Amino acid sequence: MFQLPILNFSPQQVAGVCETLEESGDVERLGRFLWSLPVAPAACEALNKNESVLRARAIVAFHTGNYRELYHILENHKFTKESHAKLQALWLEAHYQEEKIQMRLLEGRMEVWEAKGKGHCAVQKLPHFKLFSPLSPPQGHPTASAPTTEPGPGADLGVALPEGGLEGCEA
C-alpha cells in the first residue's frame with residue numbers, strides 16, 4: 001500500500017508557508033496545507049501558539065463559512081497589532097454575513113406567514129367570488145331561482161365569520 005511521506009516542518013517553516021499562501025491569496029491551497037499538518041499533540045500545541053498559523057486558520061475558517069471556528073480562534077488567542085485590522089475585518093464581515101443569512105430566513109418565514117394571511121382574505125380580495133348557502137341550490141340549478149340583484153353589504157351568504165371579522169384583511 002502506498003503511504004504518503006511524513007514531512008516534519010518546524011513551526012517557523014509552517015508559519016512561513018502560511019504567510020506566503022496568505023499573501024498570494026490562495027485560500028484553497030492554504031486550507032489544504034493546514035489540513036495536511038500533523039496532528040501529534042506536541043506539534044499541534046506549538047502550531048496553535050504561532051500567530052501566522054492561527055491567522056491562516058482564521059482566514060480559512062472565514063472563507064469556508066465556518067464562522068464558529070473563526071470566532072473561537074479570535075476569542076481565545078492574542079494577536080499582535082499587525083494582525084488586528086485584518087482579523088477585525090474578518091470578524092465584522094462574518095457577523096454581517098450571518099445577519100444576511102438570518103434576514104433571508106426571516107424574510108422567507110414572513111412571506112409564508114403573509115401568504116397564509118392572504119389566504120384568509122380570499123373572500124374579500126376576489127370581487128367575483130360568490131358563496132352559496134348549503135341550504136340553497138347552486139346558481140344554474142333547475143330548482144334555483146335566479147337572483148335579480150347582487151347581494152348587498154351585510155347580506156347573509158351562508159358563511160359565518162369569526163367575531164371581529166378577519167384579522168389582517170382590509171374591509
# chains A, B, ... in the order shown; residues from 1 in each chain; ligands from 1

call {"tool": "residues_around", "arguments": {"residues": "A:His95", "least_positions_apart": "2", "cutoff": "12 Å", "atoms": "only C-alpha atoms", "output": "list in words"}}
result
Phe62, Gly65, Asn66, Tyr67, Arg68, Leu70, Tyr71, Gln88, Ala89, Leu90, Trp91, Leu92, Glu93, Gln97, Glu98, Glu99, Lys100, Ile101 and Gln102 of chain A

call {"tool": "residues_around", "arguments": {"residues": "A:Trp35", "least_positions_apart": "6", "cutoff": "12 Å", "atoms": "only C-alpha atoms", "output": "MDAnalysis selection string"}}
result
chainID A and resid 14 18 28:29 44 53 56:57 60:61

call {"tool": "atom_distance", "arguments": {"atom1": "atom CA of A:Ala15", "atom2": "atom CA of A:Phe33"}}
result
11.1 Å

call {"tool": "residues_around", "arguments": {"residues": "A:Glu82", "least_positions_apart": "3", "cutoff": "12 Å", "atoms": "only C-alpha atoms", "output": "list of chain:residue names"}}
result
A:Glu51, A:Ser52, A:Arg55, A:Lys78, A:Phe79, A:Ala85, A:Lys86, A:Leu87, A:Gln88

call {"tool": "closest_residue", "arguments": {"among": "A:Gly108, A:Asn76, A:Ser36, A:Ala58", "to": "A:Phe9", "atoms": "only C-alpha atoms"}}
result
A:Ser36

call {"tool": "residues_around", "arguments": {"residues": "A:Ser10", "least_positions_apart": "3", "cutoff": "10 Å", "atoms": "only C-alpha atoms", "output": "compact mmCIF listing (two decimals) with C-alpha atoms, in the first residue's frame"}}
result
# COMPACT_ATOMS: atom_id res chain seq x y z
CA LEU A 7 7.01 15.69 6.46
CA GLN A 13 8.59 26.70 8.43
CA VAL A 14 4.84 26.13 8.71
CA ALA A 15 4.36 29.81 9.61
CA GLY A 16 6.43 30.84 6.58
CA ALA A 43 3.19 19.64 17.11
CA ALA A 46 3.41 24.54 19.02
CA LEU A 47 1.42 25.45 15.90
